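Asks: Hey, dropping model39.txt in here, compact mmCIF, C-alpha atoms and all ligand atoms:
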```txt
# COMPACT_ATOMS: atom_id res chain seq x y z
CA MET G 1 162.84 234.86 214.69
CA LEU G 2 164.84 237.77 216.08
CA ALA G 3 166.22 240.41 213.81
CA ALA G 4 169.71 239.40 212.76
CA GLY G 5 171.20 242.65 213.97
CA ALA G 6 169.93 242.10 217.54
CA ALA G 7 170.58 238.35 217.83
CA ALA G 8 173.99 238.00 216.29
CA PRO G 9 176.16 239.60 218.99
CA LEU G 10 174.46 237.59 221.76
CA SER G 11 174.60 234.21 219.98
CA VAL G 12 178.17 234.78 218.88
CA GLY G 13 179.06 235.59 222.48
CA LEU G 14 177.33 232.44 223.75
CA ALA G 15 179.02 230.35 221.10
CA ARG G 16 182.38 231.71 222.15
CA ALA G 17 181.61 231.10 225.83
CA ALA G 18 180.48 227.55 225.04
CA GLU G 19 183.64 226.97 223.04
CA ALA G 20 185.74 228.33 225.92
CA LYS G 21 183.97 225.98 228.35
CA LYS G 22 184.18 223.12 225.85
CA GLN G 23 180.48 222.42 226.28
CA PHE G 24 179.03 219.63 224.26
CA LYS G 25 175.89 217.59 224.31
CA ILE G 26 174.61 214.03 224.20
CA THR G 27 172.69 213.82 220.94
CA GLY G 28 171.84 210.14 220.61
CA LEU G 29 171.39 206.87 222.49
CA GLU G 30 171.72 203.51 220.74
CA THR G 31 171.62 199.94 222.03
CA ASP G 32 172.35 196.42 220.82
CA LEU G 33 170.83 193.34 222.43
CA LEU G 34 173.27 190.40 222.57
CA ARG G 35 172.76 186.71 223.27
CA VAL G 36 175.99 185.10 224.47
CA PRO G 37 175.48 181.45 225.37
CA ALA G 38 178.39 179.70 227.09
CA ALA G 39 179.26 176.21 228.32
CA PRO G 40 177.36 175.58 231.57
CA TYR G 41 179.02 176.44 234.89
CA SER G 42 177.64 176.86 238.42
CA ASP G 43 178.20 178.28 241.86
CA ALA G 44 176.43 177.22 245.06
CA ILE G 45 173.01 178.49 243.98
CA HIS G 46 173.18 179.61 240.31
CA ASP G 47 173.51 177.75 237.01
CA PHE G 48 174.99 179.94 234.26
CA GLY G 49 175.67 179.56 230.58
CA GLY G 50 172.78 178.90 228.21
CA ASP G 51 170.81 182.11 228.76
CA GLY G 52 173.70 184.60 228.95
CA GLY G 53 173.53 187.90 227.18
CA GLY G 54 173.77 191.65 227.55
CA VAL G 55 173.13 195.13 226.24
CA VAL G 56 175.58 197.41 224.46
CA LEU G 57 175.03 201.12 225.04
CA ARG G 58 176.31 203.94 222.81
CA LEU G 59 175.89 207.59 223.77
CA LYS G 60 176.55 209.88 220.80
CA THR G 61 177.60 213.51 221.16
CA ASP G 62 177.70 216.57 218.95
CA ALA G 63 181.49 216.53 219.38
CA GLY G 64 181.68 213.31 217.38
CA ILE G 65 182.68 211.31 220.47
CA THR G 66 180.80 208.11 221.32
CA GLY G 67 180.68 206.73 224.88
CA TRP G 68 180.35 202.97 225.28
CA ALA G 69 179.13 200.57 227.97
CA TYR G 70 178.20 196.92 228.09
CA SER G 71 175.88 195.47 230.75
CA SER G 72 176.02 191.67 230.83
CA PHE G 73 173.96 188.92 232.39
CA GLY G 74 175.32 185.40 232.93
CA MET G 75 171.75 184.12 233.15
CA ILE G 76 168.09 185.21 232.83
CA ALA G 77 167.09 185.31 229.18
CA GLY G 78 164.75 188.28 229.54
CA GLY G 79 166.97 190.52 231.69
CA PRO G 80 169.00 192.20 228.95
CA ARG G 81 165.85 193.05 226.98
CA VAL G 82 164.38 194.77 230.06
CA VAL G 83 167.54 196.85 230.47
CA GLN G 84 167.44 197.72 226.76
CA THR G 85 163.82 198.86 227.08
CA ILE G 86 164.62 201.04 230.11
CA LEU G 87 167.52 202.62 228.21
CA GLU G 88 165.53 203.25 225.04
CA ARG G 89 162.19 204.28 226.57
CA GLU G 90 162.94 205.86 229.95
CA ILE G 91 166.54 207.03 229.90
CA LYS G 92 166.92 208.32 226.36
CA PRO G 93 164.54 211.29 226.80
CA VAL G 94 166.41 212.32 229.98
CA VAL G 95 169.97 212.15 228.66
CA ILE G 96 169.47 213.67 225.20
CA GLY G 97 170.67 217.28 225.36
CA GLN G 98 172.68 216.76 228.58
CA ASP G 99 176.27 217.94 228.88
CA PRO G 100 178.30 214.77 229.61
CA ALA G 101 180.61 216.80 231.86
CA PHE G 102 177.80 216.71 234.48
CA PRO G 103 177.60 213.01 235.46
CA LYS G 104 176.21 213.77 238.95
CA LYS G 105 173.42 215.90 237.47
CA ILE G 106 172.62 213.17 234.94
CA ARG G 107 172.55 210.57 237.74
CA ALA G 108 170.23 212.74 239.87
CA GLU G 109 167.80 213.28 236.99
CA LEU G 110 167.83 209.60 236.05
CA TRP G 111 167.15 208.67 239.67
CA ARG G 112 164.06 210.90 239.70
CA ALA G 113 162.90 209.54 236.36
CA LEU G 114 163.31 205.89 237.37
CA GLU G 115 162.70 205.61 241.12
CA TYR G 116 159.05 204.62 240.72
CA GLN G 117 160.19 201.58 238.74
CA GLY G 118 162.80 200.62 241.30
CA VAL G 119 165.52 202.19 243.45
CA GLN G 120 167.15 198.76 243.19
CA GLY G 121 167.11 196.16 240.42
CA VAL G 122 167.53 196.44 236.68
CA THR G 123 166.80 200.18 236.59
CA GLN G 124 170.18 200.50 238.33
CA PHE G 125 171.84 198.29 235.69
CA ALA G 126 170.67 200.79 233.08
CA MET G 127 171.75 203.86 235.09
CA SER G 128 175.18 202.32 235.70
CA ALA G 129 175.68 201.74 231.98
CA VAL G 130 174.89 205.40 231.28
CA ASP G 131 177.43 206.58 233.86
CA ILE G 132 180.13 204.32 232.38
CA ALA G 133 179.40 205.63 228.87
CA VAL G 134 179.40 209.24 230.12
CA TRP G 135 182.85 208.79 231.70
CA ASP G 136 184.04 207.14 228.48
CA ILE G 137 183.02 210.33 226.64
CA LEU G 138 184.78 212.54 229.20
CA GLY G 139 188.01 210.59 229.04
CA LYS G 140 188.02 210.63 225.25
CA ALA G 141 187.28 214.38 225.23
CA ALA G 142 190.15 215.01 227.64
CA GLY G 143 192.50 212.56 225.91
CA MET G 144 193.06 210.69 229.19
CA PRO G 145 192.26 207.28 230.64
CA VAL G 146 189.45 207.63 233.18
CA TYR G 147 191.54 206.36 236.09
CA LYS G 148 193.68 209.49 235.81
CA MET G 149 190.65 211.77 235.47
CA LEU G 150 189.20 210.28 238.68
CA GLY G 151 192.46 211.03 240.49
CA ALA G 152 194.79 208.05 240.22
CA MET G 153 196.23 206.17 243.17
CA ARG G 154 198.10 203.59 241.07
CA ASP G 155 198.51 202.47 237.46
CA ARG G 156 198.09 198.72 238.08
CA MET G 157 195.95 196.46 240.26
CA PRO G 158 196.47 193.03 241.79
CA ALA G 159 193.99 190.67 240.16
CA TYR G 160 192.68 187.24 241.06
CA ALA G 161 191.02 184.69 238.78
CA MET G 162 187.78 182.80 239.24
CA CYS G 163 189.12 179.23 238.93
CA GLY G 164 186.91 176.96 240.95
CA TRP G 165 183.46 176.98 239.32
CA TYR G 166 181.34 173.87 239.70
CA ARG G 167 181.54 172.14 236.32
CA GLN G 168 179.66 169.14 235.04
CA ASN G 169 181.66 165.90 234.69
CA ASP G 170 184.69 167.15 236.62
CA THR G 171 184.58 164.76 239.58
CA ASP G 172 188.34 164.10 239.31
CA HIS G 173 189.00 167.89 239.27
CA SER G 174 191.04 167.60 236.07
CA GLU G 175 189.31 170.63 234.50
CA TYR G 176 189.66 172.56 237.77
CA LYS G 177 193.39 171.77 237.99
CA ARG G 178 193.92 172.68 234.34
CA THR G 179 192.27 176.05 234.99
CA ILE G 180 194.54 176.66 237.98
CA HIS G 181 197.65 175.90 235.90
CA GLU G 182 196.47 178.23 233.13
CA THR G 183 195.73 180.94 235.69
CA LEU G 184 199.19 180.77 237.24
CA GLU G 185 200.83 180.69 233.81
CA ALA G 186 198.90 183.86 232.93
CA GLY G 187 200.59 185.54 235.90
CA TYR G 188 197.97 185.45 238.65
CA ARG G 189 199.03 184.99 242.27
CA ALA G 190 195.51 184.48 243.67
CA PHE G 191 192.31 182.71 242.66
CA LYS G 192 188.81 182.04 243.95
CA VAL G 193 187.00 178.79 244.56
CA LYS G 194 183.25 178.29 244.83
CA VAL G 195 182.02 176.49 247.94
CA GLY G 196 178.68 175.65 249.54
CA ARG G 197 176.91 173.73 246.76
CA TYR G 198 177.45 170.43 248.60
CA GLY G 199 178.66 169.41 252.06
CA LEU G 200 181.63 170.73 253.99
CA ASP G 201 183.71 167.66 253.03
CA ASP G 202 183.36 168.63 249.36
CA ASP G 203 184.37 172.22 250.15
CA VAL G 204 187.47 171.04 252.00
CA GLU G 205 188.43 168.79 249.09
CA ARG G 206 188.08 171.66 246.58
CA ILE G 207 190.15 174.01 248.73
CA GLU G 208 192.86 171.41 249.41
CA VAL G 209 193.11 170.49 245.71
CA GLY G 210 193.47 174.22 245.01
CA PHE G 211 196.30 174.79 247.47
CA LYS G 212 198.07 171.57 246.47
CA THR G 213 197.85 172.33 242.75
CA ALA G 214 198.90 175.96 243.13
CA GLY G 215 201.83 175.48 245.49
CA LYS G 216 203.36 177.98 247.88
CA GLY G 217 202.60 181.68 247.95
CA ILE G 218 199.29 181.58 246.10
CA ARG G 219 196.19 183.02 247.78
CA ILE G 220 192.80 181.32 247.62
CA MET G 221 189.51 183.08 248.28
CA VAL G 222 186.27 181.15 248.84
CA ASP G 223 182.80 182.26 247.68
CA ALA G 224 179.59 180.64 248.98
CA ASN G 225 177.11 182.80 246.99
CA GLN G 226 174.59 183.15 249.86
CA ALA G 227 174.25 179.38 250.35
CA PHE G 228 174.22 179.31 254.17
CA ASP G 229 172.23 180.47 257.16
CA ARG G 230 174.10 182.25 259.96
CA VAL G 231 174.90 179.08 261.93
CA GLU G 232 176.19 177.10 258.94
CA ALA G 233 178.13 180.11 257.69
CA LEU G 234 180.09 180.31 260.94
CA ARG G 235 180.60 176.55 261.17
CA ARG G 236 182.07 176.37 257.66
CA GLY G 237 183.87 179.70 257.96
CA ARG G 238 185.93 178.41 260.87
CA VAL G 239 187.10 175.53 258.65
CA TYR G 240 187.96 177.76 255.66
CA GLN G 241 189.87 180.00 258.02
CA GLN G 242 191.80 177.03 259.42
CA LEU G 243 192.69 175.98 255.86
CA GLY G 244 194.25 179.40 255.26
CA CYS G 245 191.80 180.97 252.81
CA TYR G 246 192.27 184.69 252.19
CA TRP G 247 188.65 185.85 252.24
CA TYR G 248 185.18 184.39 252.77
CA GLU G 249 182.74 185.81 250.25
CA GLU G 250 178.97 186.20 250.49
CA PRO G 251 178.23 183.32 252.88
CA ILE G 252 174.66 184.46 253.66
CA VAL G 253 171.85 186.44 251.98
CA PRO G 254 173.04 189.94 251.06
CA TYR G 255 170.44 191.87 253.06
CA ASP G 256 171.30 190.26 256.44
CA HIS G 257 173.79 192.95 257.43
CA GLU G 258 173.54 192.02 261.14
CA GLY G 259 174.40 188.43 260.24
CA TYR G 260 177.44 189.65 258.32
CA ALA G 261 178.49 191.69 261.35
CA GLU G 262 178.29 188.61 263.59
CA LEU G 263 180.42 186.60 261.15
CA ALA G 264 183.00 189.35 260.69
CA ALA G 265 183.35 189.66 264.46
CA ALA G 266 183.61 185.89 265.01
CA LEU G 267 186.16 185.13 262.26
CA ASP G 268 189.75 186.29 261.87
CA MET G 269 189.70 185.86 258.09
CA ARG G 270 188.32 188.64 255.92
CA VAL G 271 184.57 188.60 255.28
CA ALA G 272 183.82 189.97 251.81
CA CYS G 273 180.46 190.97 250.34
CA GLY G 274 178.65 193.63 248.36
CA GLU G 275 178.17 192.29 244.82
CA ASN G 276 174.39 192.42 245.41
CA GLU G 277 174.29 195.87 247.04
CA TYR G 278 172.70 198.74 245.16
CA ASN G 279 174.42 202.15 245.31
CA LYS G 280 176.14 203.87 248.24
CA HIS G 281 173.13 203.59 250.54
CA GLY G 282 173.33 199.79 250.57
CA PHE G 283 177.04 199.93 251.35
CA MET G 284 176.56 202.61 253.99
CA ASP G 285 174.20 200.40 255.99
CA LEU G 286 176.50 197.37 255.61
CA LEU G 287 179.48 199.40 256.82
CA LEU G 288 177.63 201.09 259.70
CA LYS G 289 176.83 197.58 260.96
CA LYS G 290 180.48 196.48 260.55
CA GLY G 291 179.34 193.75 258.15
CA ALA G 292 182.40 193.52 255.88
CA ASP G 293 186.18 193.61 255.85
CA VAL G 294 186.17 193.90 252.04
CA VAL G 295 183.33 195.43 250.00
CA GLN G 296 182.79 194.22 246.44
CA PRO G 297 180.81 196.63 244.27
CA ASP G 298 179.50 195.30 240.96
CA ASN G 299 179.48 197.85 238.15
CA ARG G 300 175.90 196.97 237.11
CA ARG G 301 174.26 197.07 240.56
CA ALA G 302 176.41 199.46 242.58
CA GLY G 303 176.43 202.14 239.89
CA GLY G 304 179.00 203.57 237.53
CA PRO G 305 182.28 205.33 238.34
CA THR G 306 180.44 208.28 239.93
CA GLU G 307 178.76 206.05 242.53
CA TRP G 308 181.77 203.75 242.99
CA MET G 309 184.03 206.61 243.99
CA GLU G 310 181.56 207.57 246.71
CA ILE G 311 181.26 203.95 247.89
CA ALA G 312 185.05 203.67 248.04
CA ALA G 313 185.31 206.91 250.02
CA ILE G 314 182.70 205.73 252.53
CA ALA G 315 184.50 202.37 252.87
CA ASP G 316 187.84 204.12 253.28
CA GLY G 317 186.37 206.15 256.13
CA PHE G 318 185.52 202.85 257.83
CA GLU G 319 189.04 201.46 257.09
CA VAL G 320 187.44 198.83 254.84
CA GLU G 321 189.03 197.54 251.64
CA VAL G 322 187.46 197.41 248.15
CA ALA G 323 187.67 194.63 245.56
CA SER G 324 185.60 194.62 242.39
CA HIS G 325 182.98 192.02 241.63
CA GLY G 326 183.98 191.23 238.06
CA GLY G 327 186.88 192.65 236.17
CA GLY G 328 188.00 194.33 232.99
CA ALA G 329 188.94 197.76 231.73
CA VAL G 330 186.00 199.57 233.36
CA ASN G 331 186.67 198.15 236.83
CA LEU G 332 190.38 198.73 236.39
CA ASN G 333 189.88 202.40 235.54
CA ILE G 334 187.82 202.86 238.70
CA LEU G 335 189.88 200.73 241.11
CA CYS G 336 193.14 202.48 240.17
CA ALA G 337 191.64 205.71 241.52
CA MET G 338 190.81 204.22 244.95
CA PRO G 339 193.35 204.29 247.79
CA ASN G 340 191.67 201.32 249.50
CA ALA G 341 191.32 198.99 246.49
CA ILE G 342 193.08 195.64 246.96
CA TYR G 343 191.96 193.34 244.12
CA MET G 344 190.20 193.17 240.80
CA GLU G 345 188.31 189.97 239.97
CA SER G 346 189.92 188.63 236.78
CA GLY G 347 192.19 190.67 234.59
CA GLY G 348 190.14 190.92 231.43
CA LYS G 349 192.30 191.47 228.37
CA GLN G 350 194.81 193.79 230.01
CA LYS G 351 198.50 192.94 230.31
CA MET G 352 199.59 191.36 233.61
CA VAL G 353 202.93 191.79 235.41
CA ASP G 354 203.77 190.07 238.74
CA GLY G 355 200.13 189.33 239.55
CA GLU G 356 199.06 192.88 238.70
CA VAL G 357 197.09 194.12 235.71
CA LEU G 358 198.31 197.27 233.98
CA ALA G 359 195.75 200.06 233.65
CA PRO G 360 194.59 200.89 230.11
CA GLU G 361 196.27 204.02 228.77
CA GLU G 362 193.79 204.68 225.96
CA PRO G 363 191.64 207.79 226.47
CA GLY G 364 188.26 207.02 228.05
CA MET G 365 187.02 203.85 229.75
CA SER G 366 188.23 201.30 227.19
CA SER G 367 184.62 200.08 227.51
CA GLU G 368 183.93 199.50 223.82
CA PRO G 369 183.16 195.84 223.08
CA ALA G 370 184.91 194.41 220.03
CA ALA G 371 182.93 194.96 216.82
CA GLU G 372 183.24 191.25 215.95
CA PHE G 373 181.79 190.31 219.37
CA ILE G 374 178.76 192.55 218.78
CA ALA G 375 178.29 191.34 215.20
CA LYS G 376 178.50 187.69 216.25
CA HIS G 377 175.97 187.90 219.09
CA LYS G 378 173.58 190.72 218.14
CA VAL G 379 169.92 189.68 218.19
CA GLY G 380 168.20 193.06 218.47
MG MG G 401 180.65 186.33 244.60
```
As structure tokens - that is how I would like this structure written.
Replies:
Amino acid sequence: MLAAGAAAPLSVGLARAAEAKKQFKITGLETDLLRVPAAPYSDAIHDFGGDGGGVVLRLKTDAGITGWAYSSFGMIAGGPRVVQTILEREIKPVVIGQDPAFPKKIRAELWRALEYQGVQGVTQFAMSAVDIAVWDILGKAAGMPVYKMLGAMRDRMPAYAMCGWYRQNDTDHSEYKRTIHETLEAGYRAFKVKVGRYGLDDDVERIEVGFKTAGKGIRIMVDANQAFDRVEALRRGRVYQQLGCYWYEEPIVPYDHEGYAELAAALDMRVACGENEYNKHGFMDLLLKKGADVVQPDNRRAGGPTEWMEIAAIADGFEVEVASHGGGAVNLNILCAMPNAIYMESGGKQKMVDGEVLAPEEPGMSSEPAAEFIAKHKVG
């Protein structure tokens, strides 16, 4: 230990400098594992419901501020536990002691710590959650919603709802129609319909029921969830286009960027994809190949706000629009800071006016799950 007389002036000076710079540190990382089973629902290739769950992340700081994130899985029983393990065992030692005002430094160090386990995949789910929690801390520290800290473009976003899941025992579309009515009553002016699980005739029926139930002025997007090869994607796409659908989402496997480019060139309707891309490098390749008219980052795979802002800037440089895969307060905070954002998928719990969802005004990300939700579903 240094003699008090020598150390005191230096440490006092550093303390004052730290106070002036408002430095603070991440001092703890906590997680909760949740199991959230739901009634079964499907798209063209996935069956969701029974095995849903997620991981809650809390980053504690010495300023008494806690940053929150929640990474959810609609399926795969073991996935959330893997993300929890990565957070607790690999990420915790890297983030403890970090200044949350350095999200790009934290991202770079996490990348180096995790790349051997995967530059794509669930390691990215864990990194994204950290970035969301870090921005939650920063917004709370600044007393501002994150969309303003990122440099706001708007304070509300058009949102569409996911209406047309494949549901069991709904051959007369009564459940589908009821969902459309509820969606329009909630204030939406656009919704999405799943296609591609069965033949083209079934797709056409689902789309026509949608338009007929919704009436004039309502937009319908279609989402095939990778169900087709290139030839079938173009054949069906021409029909969806003729029916007046607004965009054609993920018709083929996500890594076939050349195939996406062929489709985007052949069709007049928007081709949308990107929910299965990891970070800006995936989007960069897609955009260089002219594979999308709308890119759809997912805030588990694409990264957190730090990465999303870079993805949006790259897309904007290519004159390509952004719509989020998924929706809620976190996506809303990010999208409102993007000049080229056009839609959020579902409005979450935020208030809606004229088909648009109002941005949260609470400081931070508004990413904290309800305490009752955590208590009800916590399993570890
Ligand atoms: Mg999709």
Asks: Atom CA of G:Arg230 and atom CA of G:Asp256 are how many Å apart?
Replies: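 Result for atom CA of G:Arg230 versus atom CA of G:Asp256: 9.2 Å, one decimal.
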Asks: Choose the residue, out of G:Gly317, G:Val322, G:Asp99, G:Gly210, that has the smallest atom-to-atom separation from G:Leu138; count all atoms listed in the file.
Replies: G:Asp99
Asks: Report, in Å with one decimal, the straight-line distance from atom CA of G:Ile374 to atom CA of G:Thr183.
Replies: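 Interatomic distance here is 26.6 Å.
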Asks: Using all atoms listed in the file, can you tell me which of G:Gly97, G:Pro254, G:Pro40, G:Gly244 comes closest to ligand MG 401 (chain G)?
Replies: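 The closest residue to ligand MG 401 (chain G) is G:Pro254.
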Asks: Quick check, in Å to one decimal: how far apart do atom CA of G:Lys92 and atom CA of G:Asn299 lie?
Replies: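 Atom CA of G:Asn299 lies at a distance of 20.2 Å from atom CA of G:Lys92.
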Asks: Give me, as JSON, numbers by chain, the set of residues whose atoms come within 7 Å of any atom of ligand MG 401 (chain G), counting only C-alpha atoms and all ligand atoms.
Replies: {"G": [223, 225, 249, 250, 275, 325]}
Asks: Given the choices G:Arg219, G:Lys351, G:Lys290, G:His281, which gets closest to G:Asp155 if the distance is worked out from only C-alpha atoms?
Replies: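 The shortest atom-to-atom distance to G:Asp155 comes from G:Lys351.
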Asks: What's the 10 Å shell around G:Ala312, counting only C-alpha atoms, without same-chain residues fewer than 5 positions away, as a PyMOL selection string?
Replies: chain G and resi 280+283+295-297+307+317-318+320-323+334-335+337-341
Asks: Calculated over all atoms listed in the file, which of the candidates G:Cys273, G:Phe191, G:Val253, G:Ser42 has the smallest distance to G:Ile218?
Replies: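 Of all the options, G:Phe191 lies closest to G:Ile218.
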Asks: Would you list the contacts of G:Asp32 as a ChimeraX atom specification, taking every protein, DNA or RNA residue within 12 Å and counting only C-alpha atoms, but skipping same-chain residues closer than 5 positions in sequence?
Replies: /G:53-58,68-72,80-81,83-85,87-88,369,371,373-380
Asks: Which protein, DNA or RNA residues are at most 8 Å from (174.6, 180.4, 245.1) in the file's coordinates when you count only C-alpha atoms, listed as a PDB file with C-alpha atoms, in the frame of the given file?
Replies:
```
ATOM      1  CA  ASP G  43     178.200 178.280 241.860  1.00  0.00           C
ATOM      2  CA  ALA G  44     176.430 177.220 245.060  1.00  0.00           C
ATOM      3  CA  ILE G  45     173.010 178.490 243.980  1.00  0.00           C
ATOM      4  CA  HIS G  46     173.180 179.610 240.310  1.00  0.00           C
ATOM      5  CA  GLY G 196     178.680 175.650 249.540  1.00  0.00           C
ATOM      6  CA  ARG G 197     176.910 173.730 246.760  1.00  0.00           C
ATOM      7  CA  ALA G 224     179.590 180.640 248.980  1.00  0.00           C
ATOM      8  CA  ASN G 225     177.110 182.800 246.990  1.00  0.00           C
ATOM      9  CA  GLN G 226     174.590 183.150 249.860  1.00  0.00           C
ATOM     10  CA  ALA G 227     174.250 179.380 250.350  1.00  0.00           C
TER      11      ALA G 227
END
```
Asks: Could you check which of G:Ala63, G:Leu288, G:Val239, G:Met344 is closest to G:Glu319, using only C-alpha atoms?
Replies: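 For G:Glu319, the nearest of the given residues is G:Leu288.
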Asks: Please provide the set of residues having any atom within 12 Å of G:Ala266, restricted to only C-alpha atoms, with same-chain residues fewer than 2 positions apart removed, written as a list of chain:residue names.
Replies: G:Arg230, G:Val231, G:Ala233, G:Leu234, G:Arg235, G:Gly237, G:Arg238, G:Gln241, G:Gly259, G:Tyr260, G:Ala261, G:Glu262, G:Leu263, G:Ala264, G:Asp268, G:Met269, G:Arg270, G:Val271, G:Lys290, G:Gly291, G:Ala292
Asks: For G:Ile207, which residue among G:Ala186, G:Gly164, G:Arg89, G:Lys60 is the nearest when counting only C-alpha atoms?
Replies: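 For G:Ile207, the nearest of the given residues is G:Gly164.
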Asks: Please provide as a PyMOL selection string all residues within 10 Å of G:Leu110, with the sequence filter that same-chain residues fewer than 5 positions apart are discarded (counting all atoms listed in the file).
Replies: chain G and resi 90-95+104-105+115+123-124+126-127+130
Asks: Mind dumping stretch 267-290 of chain G from that block, keeping C-alpha atoms, as a PDB file, in the first residue's frame?
Replies:
```pdb
ATOM      1  CA  LEU G 267     -40.515  -9.348 -59.591  1.00  0.00           C
ATOM      2  CA  ASP G 268     -41.986  -5.862 -59.259  1.00  0.00           C
ATOM      3  CA  MET G 269     -43.160  -6.465 -55.693  1.00  0.00           C
ATOM      4  CA  ARG G 270     -40.728  -5.961 -52.827  1.00  0.00           C
ATOM      5  CA  VAL G 271     -38.576  -8.950 -51.881  1.00  0.00           C
ATOM      6  CA  ALA G 272     -37.896  -8.937 -48.138  1.00  0.00           C
ATOM      7  CA  CYS G 273     -35.392 -11.037 -46.192  1.00  0.00           C
ATOM      8  CA  GLY G 274     -32.740 -10.925 -43.499  1.00  0.00           C
ATOM      9  CA  GLU G 275     -34.271 -12.414 -40.329  1.00  0.00           C
ATOM     10  CA  ASN G 276     -31.684 -15.218 -40.535  1.00  0.00           C
ATOM     11  CA  GLU G 277     -28.665 -13.015 -41.323  1.00  0.00           C
ATOM     12  CA  TYR G 278     -25.970 -12.594 -38.693  1.00  0.00           C
ATOM     13  CA  ASN G 279     -24.462  -9.117 -38.210  1.00  0.00           C
ATOM     14  CA  LYS G 280     -23.566  -6.486 -40.812  1.00  0.00           C
ATOM     15  CA  HIS G 281     -21.363  -8.820 -42.841  1.00  0.00           C
ATOM     16  CA  GLY G 282     -24.313 -11.042 -43.759  1.00  0.00           C
ATOM     17  CA  PHE G 283     -26.342  -8.014 -44.811  1.00  0.00           C
ATOM     18  CA  MET G 284     -23.424  -6.501 -46.709  1.00  0.00           C
ATOM     19  CA  ASP G 285     -23.140  -9.566 -48.946  1.00  0.00           C
ATOM     20  CA  LEU G 286     -26.918  -9.700 -49.474  1.00  0.00           C
ATOM     21  CA  LEU G 287     -26.985  -6.024 -50.445  1.00  0.00           C
ATOM     22  CA  LEU G 288     -23.895  -6.184 -52.690  1.00  0.00           C
ATOM     23  CA  LYS G 289     -25.717  -8.901 -54.646  1.00  0.00           C
ATOM     24  CA  LYS G 290     -28.913  -6.792 -54.819  1.00  0.00           C
TER      25      LYS G 290
END
```
